[in-house]
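Q: Okay, handing you the structure first.
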Amino acid sequence: MVKEVSAQNLENTVRKLVSFETRHSLSSTTDKKRGIGAARNWVESEFQKAVAASGGRLTVTQDKYLVKADGRRIPADVEMANVMATLKGTDPSDNRIFIVSGHIDSRNTDVMDVKGQAPGANDDGSGVAAVIELARIMAARTFPATIIFVAVQGEEQGLYGAKHLAERAKKESWNLVALLNNDMIGNSFSDETNLRDNTHVRIFSEGVPALETEEMAALRKSIGGENDSRSRQLARYLKEMSERYVPQLEVVLNYRTDRFLRGGDHTPFSQAGFTAVRICEMNENYQHQHQNVRTENNIAYGDFPEHIDYDYLRKNTALNLATLASLASAPASPENAGIVTSNLTNQTELHWEAPATGKKPSGYFILMRETSLPMWQKKIYVSETKVLLPYSKDNYFFAVQAVDAEGHESLPVVPKPIR
Ligand SMILES: [Zn+2]
């Protein structure tokens with residue numbers, strides 16, 4: 001599947017998105033050629049092309065929602081829509097959902113400029129192109145869990161599409177396991193530093209969860225768990241899968257929720273208590289980001305398709321693919337994982353239960369690392385739902401993941417102290 005990701009398809013999509021001249025969230029919804037409405041309809045039609053290959057498992061909708069005037073970036077009530085393609089899982093006993101997103105809307109220097117050109121090739125045509133390419137490739141395959149491919153609207157006006165989707169997931173009690181937000185994943189060159197780097201990509205993940213109960217906070221403090229949130233497990237998983245399947249791409253874990261002064265569509269999901277990360281290029285180019293189209297002092301400003309490195313975009317799309325395909329093929333994570341703390345011992349005793357949803361795992365991996373290290377060091381396979389390891393629980397962090405016979409691994413879960 002990784003080899004099917006096409007740089008040419010990605011470029012075609014970015015150029016088509018730019019052809020709508022602006023995709024500002026408050027631009028025309030009725031003009032056939034220009035504005036957000038035409039862009040949404042086109043993305044919907046691209047998703048529709050993948051329906052046949054899915055044998056009817058892929059359903060495509062525009063999920064509409066009303067955004068109220070907010071006195072900031074929404075001057076009057078407006079209807080927006082997320083363009084969604086849902087690939088239903090093939091295992092009726094598996095209720096897990098994974099979401100991969102990019103944002104369809106664009107902006108220029110003035111975030112309230114509804115009329116001016118706002119090509120938005122990289123921000124976030126690159127993310128939307130990735131999402132469409134993933135739907136095309138993955139719809140032809142079967143996965144036990146459900147995958148939602150979505151181009152959300154309203155990011156630049158205040159993350160409205162992501163807020164709507166996160167609220168809906170919560171209200172409808174979705175078993176939403178992870179969200180991958182792709183926002184600016186195609187630029188590889190920085191004019192300021194003259195750096196060209198198409199072999200690194202950043203994953204932003206929260207350490208302390210945005211939504212943390214007192215109980216969660218107490219546990220985090222007692223076990224030193226500030227570097228082991230669910231989002232950070234997802235970030236590590238992305239790194240492992242990407243480096244396993246995608247040549248010449250190294251994932252840089254950024255232990256922040258986002259960049260200074262900036263936010264993204266993963267944040268409303270984190271705030272709703274879901275596991276979410278942002279995928280973002282290593283070097284941003286501020287001459288091409290949120291800029292009016294113009295030439296000044298011989299510098300061409302504006303977010304145009306020719307500035308994108310399509311082979312880099314291909315690799316970052318493949319990173320999503322390797323991660324989503326692995327997660328949606330794997331068993332669900334183990335449940336009720338515990339680390340026995342009732343005895344003073346130099347060993348570690350772990351217990352857990354098989355997941356309640358989906359297929360039964362064929363076994364489990366115990367992950368362990370020294371407490372000062374960012375990535376897991378050891379991976380130990382066991383077929384039971386308990387293990388006694390000759391390593392002191394005081395000197396390592398542990399996690400457990402479920403694995404099937406083909407080697408598909410779930411997200412790891414951190415065991416809680418039990419007596
Ligand atoms: Zn963006």
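Convention: chains lettered A, B, ... in structure tokens order; per-chain residue numbering from 1; ligands numbered from 1 as shown.
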Around ligand 1, at most 6 Å away and counting only C-alpha atoms and all ligand atoms, which residues are there? Put them as a list in words, please.
A: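 Residues lying within 6 Å of ligand 1: Asp123, Asp124 and Asp183 of chain A.
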Q: Using only C-alpha atoms, find each residue in segment 91-165 of chain A having at least one atom no more than 9 Å away from segment 311-320 of chain A; report its shortest atom-to-atom pair and that distance in Å (one decimal), rows by chain then rising number, as a tab-separated table.
A:
residue	atom	partner	partner_atom	distance
A:Val100	CA	A:Asn320	CA	7.9
A:Ser126	CA	A:Leu313	CA	7.0
A:Gly127	CA	A:Thr317	CA	8.4
A:Ala129	CA	A:Thr317	CA	8.6
A:Ala130	CA	A:Thr317	CA	5.2
A:Val131	CA	A:Thr317	CA	7.9
A:Glu133	CA	A:Thr317	CA	7.8
A:Leu134	CA	A:Thr317	CA	7.3
Q: Next, the residues of the selection above should be written as a tab-separated table (two decimals), in the first residue's frame with C-alpha atoms.
A:
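And here is the file that came out, part.tsv:
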chain	number	residue	atom	x	y	z
A	100	VAL	CA	-7.31	11.06	9.56
A	126	SER	CA	-1.27	19.12	1.32
A	127	GLY	CA	-3.23	17.60	4.21
A	129	ALA	CA	-4.51	15.70	-0.73
A	130	ALA	CA	-3.07	13.14	1.69
A	131	VAL	CA	-6.52	12.31	3.07
A	133	GLU	CA	-5.04	9.62	-1.50
A	134	LEU	CA	-5.38	7.51	1.67
Q: Which residues are near segment 400-417 of chain A? Cut-off 9 Å, only C-alpha atoms, ignore same chain within fewer than 6 positions. Put them as an mmCIF file with all heavy atoms, in the first residue's frame.
A:
data_model
loop_
_atom_site.group_PDB
_atom_site.id
_atom_site.type_symbol
_atom_site.label_atom_id
_atom_site.label_comp_id
_atom_site.auth_asym_id
_atom_site.auth_seq_id
_atom_site.Cartn_x
_atom_site.Cartn_y
_atom_site.Cartn_z
ATOM 1 N N VAL A 177 -10.384 5.869 18.692
ATOM 2 C CA VAL A 177 -9.116 5.465 19.302
ATOM 3 C C VAL A 177 -8.019 6.493 19.045
ATOM 4 O O VAL A 177 -7.199 6.766 19.910
ATOM 5 C CB VAL A 177 -8.697 4.072 18.767
ATOM 6 C CG1 VAL A 177 -7.362 3.639 19.367
ATOM 7 C CG2 VAL A 177 -9.770 3.038 19.103
ATOM 8 N N LEU A 219 -2.469 10.040 39.445
ATOM 9 C CA LEU A 219 -1.765 8.862 38.931
ATOM 10 C C LEU A 219 -0.507 9.285 38.163
ATOM 11 O O LEU A 219 0.576 8.728 38.354
ATOM 12 C CB LEU A 219 -2.707 8.060 38.020
ATOM 13 C CG LEU A 219 -2.096 6.827 37.352
ATOM 14 C CD1 LEU A 219 -1.723 5.770 38.391
ATOM 15 C CD2 LEU A 219 -3.048 6.233 36.320
ATOM 16 N N ILE A 223 3.367 8.093 39.259
ATOM 17 C CA ILE A 223 4.188 7.151 38.469
ATOM 18 C C ILE A 223 5.203 7.859 37.571
ATOM 19 O O ILE A 223 5.965 7.216 36.852
ATOM 20 C CB ILE A 223 3.315 6.202 37.605
ATOM 21 C CG1 ILE A 223 2.542 6.980 36.524
ATOM 22 C CG2 ILE A 223 2.368 5.394 38.481
ATOM 23 C CD1 ILE A 223 1.831 6.093 35.522
ATOM 24 N N GLY A 225 4.292 9.884 35.046
ATOM 25 C CA GLY A 225 3.678 9.549 33.756
ATOM 26 C C GLY A 225 3.533 10.707 32.796
ATOM 27 O O GLY A 225 2.806 10.602 31.810
ATOM 28 N N ASP A 228 3.995 9.826 29.187
ATOM 29 C CA ASP A 228 3.351 8.585 28.740
ATOM 30 C C ASP A 228 1.851 8.736 28.555
ATOM 31 O O ASP A 228 1.097 7.803 28.770
ATOM 32 C CB ASP A 228 3.672 7.447 29.718
ATOM 33 C CG ASP A 228 5.044 6.855 29.410
ATOM 34 O OD1 ASP A 228 5.130 6.037 28.489
ATOM 35 O OD2 ASP A 228 6.037 7.261 30.058
ATOM 36 N N SER A 229 1.426 9.924 28.125
ATOM 37 C CA SER A 229 0.010 10.119 27.797
ATOM 38 C C SER A 229 -0.345 9.239 26.601
ATOM 39 O O SER A 229 0.538 8.745 25.885
ATOM 40 C CB SER A 229 -0.236 11.582 27.423
ATOM 41 O OG SER A 229 0.439 11.867 26.212
ATOM 42 N N ARG A 230 -1.633 9.076 26.359
ATOM 43 C CA ARG A 230 -2.069 8.255 25.218
ATOM 44 C C ARG A 230 -1.608 8.887 23.902
ATOM 45 O O ARG A 230 -1.241 8.186 22.958
ATOM 46 C CB ARG A 230 -3.593 8.070 25.257
ATOM 47 C CG ARG A 230 -4.019 7.052 26.325
ATOM 48 C CD ARG A 230 -5.520 6.844 26.351
ATOM 49 N NE ARG A 230 -6.202 7.958 26.996
ATOM 50 C CZ ARG A 230 -7.080 8.759 26.388
ATOM 51 N NH1 ARG A 230 -7.393 8.567 25.130
ATOM 52 N NH2 ARG A 230 -7.642 9.748 27.038
ATOM 53 N N GLN A 233 1.889 7.944 23.321
ATOM 54 C CA GLN A 233 2.012 6.553 22.836
ATOM 55 C C GLN A 233 1.723 6.505 21.343
ATOM 56 O O GLN A 233 2.395 5.788 20.581
ATOM 57 C CB GLN A 233 1.050 5.612 23.578
ATOM 58 C CG GLN A 233 1.169 5.597 25.095
ATOM 59 C CD GLN A 233 2.556 5.299 25.605
ATOM 60 O OE1 GLN A 233 3.388 4.739 24.897
ATOM 61 N NE2 GLN A 233 2.827 5.677 26.835
ATOM 62 N N LEU A 234 0.730 7.282 20.916
ATOM 63 C CA LEU A 234 0.393 7.326 19.483
ATOM 64 C C LEU A 234 1.558 7.922 18.684
ATOM 65 O O LEU A 234 1.901 7.426 17.612
ATOM 66 C CB LEU A 234 -0.883 8.159 19.286
ATOM 67 C CG LEU A 234 -1.303 8.445 17.837
ATOM 68 C CD1 LEU A 234 -1.548 7.157 17.053
ATOM 69 C CD2 LEU A 234 -2.554 9.336 17.812
ATOM 70 N N TYR A 237 4.186 5.371 18.318
ATOM 71 C CA TYR A 237 3.708 4.341 17.387
ATOM 72 C C TYR A 237 3.890 4.814 15.942
ATOM 73 O O TYR A 237 4.350 4.063 15.075
ATOM 74 C CB TYR A 237 2.232 4.062 17.691
ATOM 75 C CG TYR A 237 1.631 2.892 16.947
ATOM 76 C CD1 TYR A 237 1.528 1.639 17.539
ATOM 77 C CD2 TYR A 237 1.131 3.042 15.650
ATOM 78 C CE1 TYR A 237 0.963 0.564 16.862
ATOM 79 C CE2 TYR A 237 0.555 1.984 14.971
ATOM 80 C CZ TYR A 237 0.474 0.742 15.589
ATOM 81 O OH TYR A 237 -0.085 -0.313 14.914
ATOM 82 N N ALA A 325 -3.127 1.776 8.663
ATOM 83 C CA ALA A 325 -3.339 0.389 8.244
ATOM 84 C C ALA A 325 -2.942 -0.566 9.371
ATOM 85 O O ALA A 325 -3.620 -1.558 9.628
ATOM 86 C CB ALA A 325 -2.540 0.088 6.977
ATOM 87 N N SER A 326 -1.860 -0.234 10.065
ATOM 88 C CA SER A 326 -1.428 -1.090 11.179
ATOM 89 C C SER A 326 -2.445 -1.059 12.309
ATOM 90 O O SER A 326 -2.857 -2.104 12.820
ATOM 91 C CB SER A 326 -0.067 -0.621 11.705
ATOM 92 O OG SER A 326 0.904 -0.718 10.689
ATOM 93 N N LEU A 327 -2.870 0.151 12.678
ATOM 94 C CA LEU A 327 -3.808 0.285 13.803
ATOM 95 C C LEU A 327 -5.155 -0.368 13.499
ATOM 96 O O LEU A 327 -5.729 -1.058 14.334
ATOM 97 C CB LEU A 327 -4.038 1.767 14.128
ATOM 98 C CG LEU A 327 -2.923 2.461 14.904
ATOM 99 C CD1 LEU A 327 -3.214 3.957 15.006
ATOM 100 C CD2 LEU A 327 -2.768 1.860 16.298
ATOM 101 N N ALA A 328 -5.667 -0.121 12.287
ATOM 102 C CA ALA A 328 -7.007 -0.620 11.949
ATOM 103 C C ALA A 328 -7.003 -2.121 11.686
ATOM 104 O O ALA A 328 -8.049 -2.756 11.700
ATOM 105 C CB ALA A 328 -7.559 0.133 10.738
ATOM 106 N N SER A 329 -5.821 -2.707 11.445
ATOM 107 C CA SER A 329 -5.714 -4.153 11.249
ATOM 108 C C SER A 329 -5.466 -4.878 12.569
ATOM 109 O O SER A 329 -5.728 -6.079 12.675
ATOM 110 C CB SER A 329 -4.542 -4.486 10.317
ATOM 111 O OG SER A 329 -4.690 -3.834 9.082
ATOM 112 N N ALA A 330 -4.933 -4.154 13.536
ATOM 113 C CA ALA A 330 -4.499 -4.771 14.794
ATOM 114 C C ALA A 330 -5.680 -5.047 15.714
ATOM 115 O O ALA A 330 -6.748 -4.467 15.553
ATOM 116 C CB ALA A 330 -3.517 -3.844 15.499
ATOM 117 N N PRO A 331 -5.491 -5.925 16.693
ATOM 118 C CA PRO A 331 -6.506 -6.039 17.743
ATOM 119 C C PRO A 331 -6.576 -4.728 18.522
ATOM 120 O O PRO A 331 -5.673 -3.888 18.415
ATOM 121 C CB PRO A 331 -5.971 -7.157 18.651
ATOM 122 C CG PRO A 331 -4.784 -7.740 17.975
ATOM 123 C CD PRO A 331 -4.303 -6.752 16.965
ATOM 124 N N ALA A 332 -7.639 -4.550 19.305
ATOM 125 C CA ALA A 332 -7.717 -3.388 20.181
ATOM 126 C C ALA A 332 -6.679 -3.527 21.294
ATOM 127 O O ALA A 332 -6.115 -4.608 21.507
ATOM 128 C CB ALA A 332 -9.116 -3.274 20.780
ATOM 129 N N SER A 333 -6.432 -2.443 21.987
ATOM 130 C CA SER A 333 -5.438 -2.459 23.077
ATOM 131 C C SER A 333 -5.915 -3.340 24.224
ATOM 132 O O SER A 333 -7.121 -3.476 24.451
ATOM 133 C CB SER A 333 -5.224 -1.038 23.610
ATOM 134 O OG SER A 333 -4.673 -0.221 22.609
ATOM 135 N N PRO A 334 -4.966 -3.912 24.970
ATOM 136 C CA PRO A 334 -5.342 -4.673 26.167
ATOM 137 C C PRO A 334 -6.112 -3.770 27.142
ATOM 138 O O PRO A 334 -5.970 -2.551 27.112
ATOM 139 C CB PRO A 334 -3.994 -5.078 26.771
ATOM 140 C CG PRO A 334 -2.984 -4.893 25.696
ATOM 141 C CD PRO A 334 -3.519 -3.837 24.788
ATOM 142 N N GLU A 335 -6.893 -4.397 28.027
ATOM 143 C CA GLU A 335 -7.671 -3.617 28.995
ATOM 144 C C GLU A 335 -7.223 -3.933 30.418
ATOM 145 O O GLU A 335 -6.649 -4.982 30.692
ATOM 146 C CB GLU A 335 -9.164 -3.926 28.820
ATOM 147 C CG GLU A 335 -9.652 -3.428 27.464
ATOM 148 C CD GLU A 335 -11.126 -3.679 27.208
ATOM 149 O OE1 GLU A 335 -11.860 -4.018 28.164
ATOM 150 O OE2 GLU A 335 -11.525 -3.532 26.043
ATOM 151 N N ASN A 336 -7.541 -2.991 31.299
ATOM 152 C CA ASN A 336 -7.257 -3.143 32.738
ATOM 153 C C ASN A 336 -5.824 -3.587 33.015
ATOM 154 O O ASN A 336 -5.584 -4.465 33.849
ATOM 155 C CB ASN A 336 -8.234 -4.141 33.380
ATOM 156 C CG ASN A 336 -9.674 -3.654 33.246
ATOM 157 O OD1 ASN A 336 -9.946 -2.467 33.456
ATOM 158 N ND2 ASN A 336 -10.575 -4.526 32.888
ATOM 159 N N ALA A 337 -4.874 -2.990 32.306
ATOM 160 C CA ALA A 337 -3.470 -3.356 32.536
ATOM 161 C C ALA A 337 -3.018 -2.820 33.891
ATOM 162 O O ALA A 337 -3.272 -1.666 34.233
ATOM 163 C CB ALA A 337 -2.603 -2.780 31.417
ATOM 164 N N GLY A 338 -2.373 -3.682 34.644
ATOM 165 C CA GLY A 338 -1.926 -3.290 35.982
ATOM 166 C C GLY A 338 -0.503 -3.735 36.253
ATOM 167 O O GLY A 338 -0.024 -4.727 35.697
ATOM 168 N N ILE A 339 0.178 -2.970 37.083
ATOM 169 C CA ILE A 339 1.528 -3.320 37.530
ATOM 170 C C ILE A 339 1.439 -3.530 39.045
ATOM 171 O O ILE A 339 0.974 -2.647 39.772
ATOM 172 C CB ILE A 339 2.548 -2.228 37.123
ATOM 173 C CG1 ILE A 339 3.979 -2.595 37.534
ATOM 174 C CG2 ILE A 339 2.175 -0.852 37.677
ATOM 175 C CD1 ILE A 339 5.053 -1.725 36.845
ATOM 176 N N VAL A 340 1.811 -4.729 39.491
ATOM 177 C CA VAL A 340 1.597 -5.097 40.893
ATOM 178 C C VAL A 340 2.618 -4.373 41.773
ATOM 179 O O VAL A 340 3.835 -4.484 41.553
ATOM 180 C CB VAL A 340 1.697 -6.625 41.088
ATOM 181 C CG1 VAL A 340 1.523 -7.000 42.567
ATOM 182 C CG2 VAL A 340 0.662 -7.331 40.222
ATOM 183 N N THR A 341 2.108 -3.639 42.762
ATOM 184 C CA THR A 341 3.002 -2.832 43.605
ATOM 185 C C THR A 341 2.936 -3.250 45.073
ATOM 186 O O THR A 341 3.473 -2.561 45.937
ATOM 187 C CB THR A 341 2.636 -1.335 43.503
ATOM 188 O OG1 THR A 341 1.285 -1.174 43.910
ATOM 189 C CG2 THR A 341 2.809 -0.806 42.097
ATOM 190 N N SER A 342 2.270 -4.379 45.349
ATOM 191 C CA SER A 342 2.065 -4.729 46.763
ATOM 192 C C SER A 342 3.322 -5.245 47.453
ATOM 193 O O SER A 342 3.392 -5.259 48.681
ATOM 194 C CB SER A 342 0.922 -5.740 46.874
ATOM 195 O OG SER A 342 1.076 -6.749 45.922
ATOM 196 N N LEU A 350 3.155 -7.909 35.771
ATOM 197 C CA LEU A 350 2.121 -7.185 35.029
ATOM 198 C C LEU A 350 0.940 -8.116 34.738
ATOM 199 O O LEU A 350 1.135 -9.303 34.445
ATOM 200 C CB LEU A 350 2.678 -6.662 33.698
ATOM 201 C CG LEU A 350 3.878 -5.713 33.750
ATOM 202 C CD1 LEU A 350 4.465 -5.530 32.351
ATOM 203 C CD2 LEU A 350 3.480 -4.368 34.326
ATOM 204 N N HIS A 351 -0.270 -7.569 34.819
ATOM 205 C CA HIS A 351 -1.498 -8.300 34.465
ATOM 206 C C HIS A 351 -2.314 -7.447 33.520
ATOM 207 O O HIS A 351 -2.280 -6.222 33.627
ATOM 208 C CB HIS A 351 -2.380 -8.514 35.713
ATOM 209 C CG HIS A 351 -1.770 -9.338 36.776
ATOM 210 N ND1 HIS A 351 -2.048 -10.668 36.907
ATOM 211 C CD2 HIS A 351 -0.898 -9.018 37.777
ATOM 212 C CE1 HIS A 351 -1.369 -11.144 37.942
ATOM 213 N NE2 HIS A 351 -0.658 -10.168 38.488
ATOM 214 N N TRP A 352 -3.069 -8.055 32.660
ATOM 215 C CA TRP A 352 -4.006 -7.314 31.810
ATOM 216 C C TRP A 352 -5.058 -8.268 31.302
ATOM 217 O O TRP A 352 -5.001 -9.474 31.575
ATOM 218 C CB TRP A 352 -3.269 -6.653 30.637
ATOM 219 C CG TRP A 352 -2.556 -7.621 29.761
ATOM 220 C CD1 TRP A 352 -3.045 -8.229 28.637
ATOM 221 C CD2 TRP A 352 -1.218 -8.136 29.953
ATOM 222 N NE1 TRP A 352 -2.102 -9.068 28.121
ATOM 223 C CE2 TRP A 352 -0.973 -9.036 28.911
ATOM 224 C CE3 TRP A 352 -0.222 -7.915 30.907
ATOM 225 C CZ2 TRP A 352 0.229 -9.736 28.780
ATOM 226 C CZ3 TRP A 352 0.974 -8.603 30.790
ATOM 227 C CH2 TRP A 352 1.194 -9.498 29.733
ATOM 228 N N ALA A 354 -7.654 -9.344 27.809
ATOM 229 C CA ALA A 354 -7.835 -9.233 26.355
ATOM 230 C C ALA A 354 -8.841 -8.110 26.087
ATOM 231 O O ALA A 354 -9.721 -7.852 26.903
ATOM 232 C CB ALA A 354 -8.346 -10.543 25.781
ATOM 233 N N PRO A 355 -8.723 -7.434 24.945
ATOM 234 C CA PRO A 355 -9.686 -6.372 24.626
ATOM 235 C C PRO A 355 -11.096 -6.931 24.476
ATOM 236 O O PRO A 355 -11.264 -8.069 24.023
ATOM 237 C CB PRO A 355 -9.171 -5.815 23.303
ATOM 238 C CG PRO A 355 -8.268 -6.861 22.746
ATOM 239 C CD PRO A 355 -7.700 -7.600 23.920
ATOM 240 N N LYS A 359 -11.302 -8.623 17.318
ATOM 241 C CA LYS A 359 -10.708 -9.963 17.330
ATOM 242 C C LYS A 359 -9.819 -10.170 18.558
ATOM 243 O O LYS A 359 -9.285 -9.217 19.118
ATOM 244 C CB LYS A 359 -9.903 -10.184 16.052
ATOM 245 C CG LYS A 359 -8.702 -9.253 15.886
ATOM 246 C CD LYS A 359 -7.935 -9.625 14.616
ATOM 247 C CE LYS A 359 -7.006 -8.516 14.188
ATOM 248 N NZ LYS A 359 -6.373 -8.762 12.892
ATOM 249 N N LYS A 360 -9.674 -11.431 18.902
ATOM 250 C CA LYS A 360 -8.809 -11.772 20.043
ATOM 251 C C LYS A 360 -7.343 -11.712 19.589
ATOM 252 O O LYS A 360 -6.991 -12.209 18.525
ATOM 253 C CB LYS A 360 -9.131 -13.185 20.548
ATOM 254 C CG LYS A 360 -10.455 -13.274 21.298
ATOM 255 C CD LYS A 360 -10.362 -12.684 22.705
ATOM 256 C CE LYS A 360 -11.726 -12.332 23.297
ATOM 257 N NZ LYS A 360 -12.190 -10.951 23.036
ATOM 258 N N PRO A 361 -6.498 -11.118 20.411
ATOM 259 C CA PRO A 361 -5.074 -11.074 20.068
ATOM 260 C C PRO A 361 -4.474 -12.479 20.105
ATOM 261 O O PRO A 361 -4.971 -13.344 20.816
ATOM 262 C CB PRO A 361 -4.465 -10.227 21.192
ATOM 263 C CG PRO A 361 -5.611 -9.536 21.856
ATOM 264 C CD PRO A 361 -6.803 -10.425 21.675
ATOM 265 N N SER A 362 -3.407 -12.675 19.342
ATOM 266 C CA SER A 362 -2.711 -13.957 19.458
ATOM 267 C C SER A 362 -1.627 -13.872 20.532
ATOM 268 O O SER A 362 -1.106 -14.889 20.968
ATOM 269 C CB SER A 362 -2.109 -14.364 18.122
ATOM 270 O OG SER A 362 -1.140 -13.426 17.736
ATOM 271 N N GLY A 363 -1.304 -12.653 20.941
ATOM 272 C CA GLY A 363 -0.327 -12.468 22.010
ATOM 273 C C GLY A 363 -0.158 -10.999 22.328
ATOM 274 O O GLY A 363 -0.954 -10.168 21.871
ATOM 275 N N TYR A 364 0.884 -10.712 23.097
ATOM 276 C CA TYR A 364 1.095 -9.341 23.587
ATOM 277 C C TYR A 364 2.578 -9.010 23.560
ATOM 278 O O TYR A 364 3.423 -9.893 23.710
ATOM 279 C CB TYR A 364 0.547 -9.200 25.019
ATOM 280 C CG TYR A 364 -0.919 -9.529 25.102
ATOM 281 C CD1 TYR A 364 -1.337 -10.844 25.333
ATOM 282 C CD2 TYR A 364 -1.886 -8.550 24.900
ATOM 283 C CE1 TYR A 364 -2.682 -11.176 25.368
ATOM 284 C CE2 TYR A 364 -3.241 -8.868 24.930
ATOM 285 C CZ TYR A 364 -3.634 -10.180 25.166
ATOM 286 O OH TYR A 364 -4.963 -10.497 25.185
ATOM 287 N N PHE A 365 2.865 -7.747 23.376
ATOM 288 C CA PHE A 365 4.232 -7.274 23.557
ATOM 289 C C PHE A 365 4.300 -6.448 24.843
ATOM 290 O O PHE A 365 3.452 -5.570 25.070
ATOM 291 C CB PHE A 365 4.674 -6.372 22.396
ATOM 292 C CG PHE A 365 5.060 -7.121 21.153
ATOM 293 C CD1 PHE A 365 4.397 -6.889 19.956
ATOM 294 C CD2 PHE A 365 6.100 -8.044 21.178
ATOM 295 C CE1 PHE A 365 4.754 -7.576 18.804
ATOM 296 C CE2 PHE A 365 6.469 -8.733 20.025
ATOM 297 C CZ PHE A 365 5.793 -8.498 18.836
ATOM 298 N N ILE A 366 5.300 -6.737 25.654
ATOM 299 C CA ILE A 366 5.617 -5.875 26.788
ATOM 300 C C ILE A 366 6.694 -4.918 26.296
ATOM 301 O O ILE A 366 7.727 -5.348 25.771
ATOM 302 C CB ILE A 366 6.189 -6.679 27.982
ATOM 303 C CG1 ILE A 366 5.313 -7.888 28.309
ATOM 304 C CG2 ILE A 366 6.392 -5.775 29.188
ATOM 305 C CD1 ILE A 366 3.898 -7.547 28.642
ATOM 306 N N LEU A 367 6.436 -3.632 26.429
ATOM 307 C CA LEU A 367 7.430 -2.626 26.050
ATOM 308 C C LEU A 367 8.081 -2.095 27.305
ATOM 309 O O LEU A 367 7.418 -1.911 28.320
ATOM 310 C CB LEU A 367 6.758 -1.472 25.298
ATOM 311 C CG LEU A 367 5.929 -1.868 24.073
ATOM 312 C CD1 LEU A 367 5.262 -0.645 23.465
ATOM 313 C CD2 LEU A 367 6.787 -2.574 23.046
ATOM 314 N N MET A 368 9.367 -1.866 27.243
ATOM 315 C CA MET A 368 10.029 -1.279 28.414
ATOM 316 C C MET A 368 11.141 -0.343 27.987
ATOM 317 O O MET A 368 11.721 -0.463 26.911
ATOM 318 C CB MET A 368 10.544 -2.361 29.366
ATOM 319 C CG MET A 368 11.570 -3.316 28.795
ATOM 320 S SD MET A 368 12.084 -4.547 30.028
ATOM 321 C CE MET A 368 13.255 -3.593 31.001
#
Q: Counting only C-alpha atoms, what are the residues of segment 171-264 of chain A within 7 Å of segment 271-286 of chain A, and for each of them which pair of atoms is the nearest and at what distance in Å, to one decimal? Sort the table by chain and rising number, as a Markdown table.
A:
| residue | atom | partner | partner_atom | distance |
| --- | --- | --- | --- | --- |
| A:Val177 | CA | A:Thr275 | CA | 6.5 |
| A:Ala178 | CA | A:Thr275 | CA | 5.0 |
| A:Leu179 | CA | A:Ala276 | CA | 4.6 |
| A:Leu180 | CA | A:Val277 | CA | 5.5 |
| A:Asn181 | CA | A:Arg278 | CA | 4.8 |
| A:Asn182 | CA | A:Ile279 | CA | 4.9 |
| A:Asp183 | CA | A:Cys280 | CA | 5.8 |
| A:Met184 | CA | A:Cys280 | CA | 5.5 |
| A:Ile185 | CA | A:Glu281 | CA | 4.6 |
| A:Gly186 | CA | A:Glu281 | CA | 6.4 |
| A:Asn187 | CA | A:Glu281 | CA | 6.3 |
| A:Ser188 | CA | A:Asn283 | CA | 6.0 |
| A:Phe189 | CA | A:Asn283 | CA | 6.3 |
| A:Ser190 | CA | A:Asn285 | CA | 5.2 |
| A:Asp191 | CA | A:Asn285 | CA | 6.7 |
| A:His200 | CA | A:Met282 | CA | 5.9 |
| A:Val201 | CA | A:Met282 | CA | 4.9 |
| A:Arg202 | CA | A:Cys280 | CA | 5.2 |
| A:Ile203 | CA | A:Ile279 | CA | 4.8 |
| A:Phe204 | CA | A:Arg278 | CA | 5.0 |
| A:Ser205 | CA | A:Val277 | CA | 5.1 |
| A:Ala210 | CA | A:Gln271 | CA | 5.1 |
| A:Leu211 | CA | A:Gln271 | CA | 5.3 |
| A:Arg230 | CA | A:Thr275 | CA | 5.8 |
| A:Ser231 | CA | A:Thr275 | CA | 4.9 |
| A:Ala235 | CA | A:Val277 | CA | 6.9 |
Q: Here is a test: counting only C-alpha atoms, which residue of A:Ala81, A:Arg141, A:Gln287, A:Gly35 is nearest to Ala52 of chain A?
A: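 The answer is A:Arg141, which sits nearest to Ala52 of chain A.
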Q: Determine which residues of segment 131-182 of chain A DSSP labels as strand (DSSP E) from the backbone of this structure, then write them out as a PyMOL selection string.
A: chain A and resi 146-152+175-182
Q: List as number ranges by chain the protein and nucleic acid residues near Lys88 of chain A, meaning an atom at most 8 Å away when only C-alpha atoms are counted, but skip any in the same chain fewer than 5 places from it.
A: A: 57-58, 145-147
Q: Just N, CA, C and O atoms for this one: save the residues we selected as a tab-separated table (two decimals), in the first residue's frame.
A:
chain	number	residue	atom	x	y	z
A	57	ARG	N	-18.57	-0.28	1.13
A	57	ARG	CA	-18.25	-0.02	2.55
A	57	ARG	C	-17.93	1.44	2.80
A	57	ARG	O	-17.99	1.91	3.92
A	58	LEU	N	-17.51	2.17	1.76
A	58	LEU	CA	-17.17	3.59	1.92
A	58	LEU	C	-18.43	4.43	1.68
A	58	LEU	O	-19.08	4.31	0.65
A	145	ALA	N	-11.44	-2.54	11.75
A	145	ALA	CA	-11.95	-1.31	12.39
A	145	ALA	C	-12.32	-0.28	11.33
A	145	ALA	O	-11.93	-0.38	10.17
A	146	THR	N	-13.08	0.72	11.75
A	146	THR	CA	-13.57	1.77	10.85
A	146	THR	C	-12.56	2.92	10.74
A	146	THR	O	-11.96	3.30	11.75
A	147	ILE	N	-12.40	3.43	9.52
A	147	ILE	CA	-11.51	4.58	9.30
A	147	ILE	C	-12.31	5.71	8.68
A	147	ILE	O	-13.06	5.50	7.71
Q: Quick one: residues within 7 Å of segment 36-43 of chain A, only C-alpha atoms counted, chain neighbours fewer than 6 positions away excluded, as a list of chain:residue names?
A: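 Listing them by chain and then by number gives A:Leu17, A:Phe20, A:Arg23, A:His24, A:Ser25, A:Ser27, A:Ser28, A:Thr29, A:Thr30, A:Val83, A:Asp105.
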